[in-house]
Amino acid sequence: DVKVTQSSRYLVKRTGEKVFLECVQDMDHENMFWYRQDPGLGLRLIYFSYDVKMKEKGDIPEGYSVSREKKERFSLILESASTNQTSMYLCASSRQSVYEQYFGPGTRLTVT
Amino acid sequence: DAKTTQPTSMDCAEGRAANLPCNHSTISGNEYVYWYRQIHSQGPQYIIHGLKNNETNEMASLIITEDRKSSTLILPHATLRDTAVYYCIVRSLNQAGTALIFGKGTTLSVSS
């Protein structure tokens with residue numbers, strides 16, 4: 001079974017803090033994705049990566065950065081957390097040539 | 001992307017088959033039908049996909065009409081744990097590296 005793990009299920013941070021969300025997949029997938037999910041807005045893509053050290057902006061990259069130094073790990077960084085970044089963050093991975101994405105359990109981040 | 005239309009909600013008795021419909025009348029020849037579900041407070045889960053033939057795996061069956069304008073996801077023996085929001089998505093393989101876009105989906109409630 002494909003396994004995608006995320007570093008925390010719940011996280012509470014203060015405004016202005018730097019926040020790291022980590023995602024690890026164990027199936028040697030080329031593609032990795034970071035989404036956020038908010039009520040009424042559905043899934044929105046923040047960043048994705050199709051190879052080590054490669055990254056592409058998604059629909060809402062502002063306020064976020066990413067790092068992919070190893071194939072299995074994709075990190076999302078909130079440089080200076082703000083209250084409007086309170087959300088559910090979902091990591092996913094997939095093979096290059098197929099479409100099904102496998103998701104982690106999500107991290108519910110609250111910024112106070 | 002081809003647009004999909006799903007009922008907002010459905011109910012099913014535990015142990016009975018749950019049949020979830022999806023209309024995708026503008027689907028083009030190279031687009032696949034994918035189904036995902038999201039159980040409350042968890043990440044989305046890939047269920048099944050197909051092009052034109054019916055498909056079955058350990059989770060569900062997918063029936064696609066001959067004209068490919070609609071499909072039905074079948075959970076043969078629904079359990080309480082199948083209570084979730086089910087999303088039907090239509091995408092082509094050359095979009096494999098791009099974001100998933102979920103519509104509102106169908107909220108399936110399984111009761112005993």
# chains A, B, ... in the order shown; residues from 1 in each chain; ligands from 1
>>> closest_atom_pairs(of="chain A", to="chain B", cutoff="7 Å", atoms="only C-alpha atoms", output="CSV")
residue,atom,partner,partner_atom,distance
A:Asn31,CA,B:Gly97,CA,6.7
A:Gly42,CA,B:Phe102,CA,6.4
A:Leu43,CA,B:Phe102,CA,6.5
A:Leu45,CA,B:Ala99,CA,6.2
A:Leu90,CA,B:Gly43,CA,6.5
A:Gln96,CA,B:Gly97,CA,6.7
A:Ser97,CA,B:Ala96,CA,6.0
A:Val98,CA,B:Ala96,CA,5.6
A:Tyr99,CA,B:Ala96,CA,4.5
A:Glu100,CA,B:Tyr46,CA,6.5
A:Gln101,CA,B:Tyr46,CA,6.7
A:Tyr102,CA,B:Tyr46,CA,6.5
A:Phe103,CA,B:Gly43,CA,5.6
A:Gly104,CA,B:Gly43,CA,5.7
A:Pro105,CA,B:Gly43,CA,4.7
A:Gly106,CA,B:Gly43,CA,5.6
>>> select_by_dssp(residues="segment 9-108 of chain A", states="strand (DSSP E)", output="PyMOL selection string")
chain A and resi 10-13+19-25+31-38+42-49+56-57+64-70+73-78+87-94+102-103+107-108
>>> atom_distance(atom1="atom CA of Val33 of chain B", atom2="atom CA of Arg68 of chain B")
9.2 Å
>>> residues_around(residues="Thr110 of chain A", least_positions_apart="5", cutoff="9 Å", atoms="only C-alpha atoms", output="PyMOL selection string")
chain A and resi 10-14+83+85-88
>>> write_last_selection(atoms="C-alpha atoms", output="PDB file, in the first residue's frame")
ATOM      1  CA  TYR A  10      -2.763  19.170  14.563  1.00  0.00           C
ATOM      2  CA  LEU A  11      -0.570  22.233  14.946  1.00  0.00           C
ATOM      3  CA  VAL A  12      -1.102  25.560  16.685  1.00  0.00           C
ATOM      4  CA  LYS A  13       1.249  28.438  15.890  1.00  0.00           C
ATOM      5  CA  ARG A  14       1.400  32.150  16.604  1.00  0.00           C
ATOM      6  CA  THR A  83      -4.289  33.934  10.670  1.00  0.00           C
ATOM      7  CA  GLN A  85      -3.309  30.512   6.770  1.00  0.00           C
ATOM      8  CA  THR A  86      -5.388  28.616   9.311  1.00  0.00           C
ATOM      9  CA  SER A  87      -6.503  25.617   7.287  1.00  0.00           C
ATOM     10  CA  MET A  88      -6.271  21.885   6.621  1.00  0.00           C
TER      11      MET A  88
END
>>> residues_around(residues="Glu14 of chain B", least_positions_apart="5", cutoff="10 Å", atoms="only C-alpha atoms", output="MDAnalysis selection string")
chainID B and resid 77:82 109:112
>>> write_last_selection(atoms="N, CA, C and O atoms", output="CSV table (one decimal), in the first residue's frame")
chain,number,residue,atom,x,y,z
B,77,HIS,N,-21.4,-3.6,-0.6
B,77,HIS,CA,-22.0,-3.8,0.7
B,77,HIS,C,-21.5,-2.7,1.6
B,77,HIS,O,-20.5,-2.8,2.3
B,78,ALA,N,-22.3,-1.6,1.6
B,78,ALA,CA,-21.9,-0.4,2.3
B,78,ALA,C,-21.8,-0.7,3.8
B,78,ALA,O,-22.6,-1.4,4.4
B,79,THR,N,-20.8,-0.1,4.4
B,79,THR,CA,-20.6,-0.1,5.9
B,79,THR,C,-20.7,1.3,6.4
B,79,THR,O,-20.5,2.3,5.7
B,80,LEU,N,-20.8,1.4,7.8
B,80,LEU,CA,-20.8,2.7,8.4
B,80,LEU,C,-19.5,3.5,8.0
B,80,LEU,O,-19.6,4.8,7.9
B,81,ARG,N,-18.4,2.8,7.8
B,81,ARG,CA,-17.1,3.5,7.5
B,81,ARG,C,-17.1,4.0,6.1
B,81,ARG,O,-16.2,4.8,5.8
B,82,ASP,N,-18.1,3.7,5.3
B,82,ASP,CA,-18.2,4.3,3.9
B,82,ASP,C,-18.8,5.6,3.9
B,82,ASP,O,-18.9,6.3,2.9
B,109,SER,N,-24.4,9.0,3.3
B,109,SER,CA,-24.6,8.6,4.7
B,109,SER,C,-25.1,7.2,4.8
B,109,SER,O,-26.1,6.8,4.2
B,110,VAL,N,-24.3,6.4,5.4
B,110,VAL,CA,-24.7,5.0,5.6
B,110,VAL,C,-25.1,4.8,7.1
B,110,VAL,O,-24.4,5.2,8.0
B,111,SER,N,-26.3,4.2,7.2
B,111,SER,CA,-26.9,4.1,8.6
B,111,SER,C,-27.2,2.6,8.8
B,111,SER,O,-27.5,1.9,7.9
B,112,SER,N,-27.2,2.3,10.1
B,112,SER,CA,-27.6,0.9,10.5
B,112,SER,C,-29.1,0.7,10.7
B,112,SER,O,-29.8,1.7,10.7
>>> residues_around(residues="segment 58-75 of chain A", least_positions_apart="6", cutoff="6 Å", atoms="only C-alpha atoms", output="PyMOL selection string")
chain A and resi 21-25+45-47+52
>>> closest_residue(among="A:Met32, A:Lys57, A:Asp38, A:Asp51", to="Ser94 of chain A", atoms="only C-alpha atoms")
A:Met32
>>> residues_around(residues="Thr15 of chain A", least_positions_apart="3", cutoff="7 Å", atoms="only C-alpha atoms", output="MDAnalysis selection string")
chainID A and resid 81:83 111:112
>>> closest_residue(among="B:Met10, B:Leu108, B:Ile39, B:Ala18", to="Leu73 of chain B", atoms="only C-alpha atoms")
B:Ala18
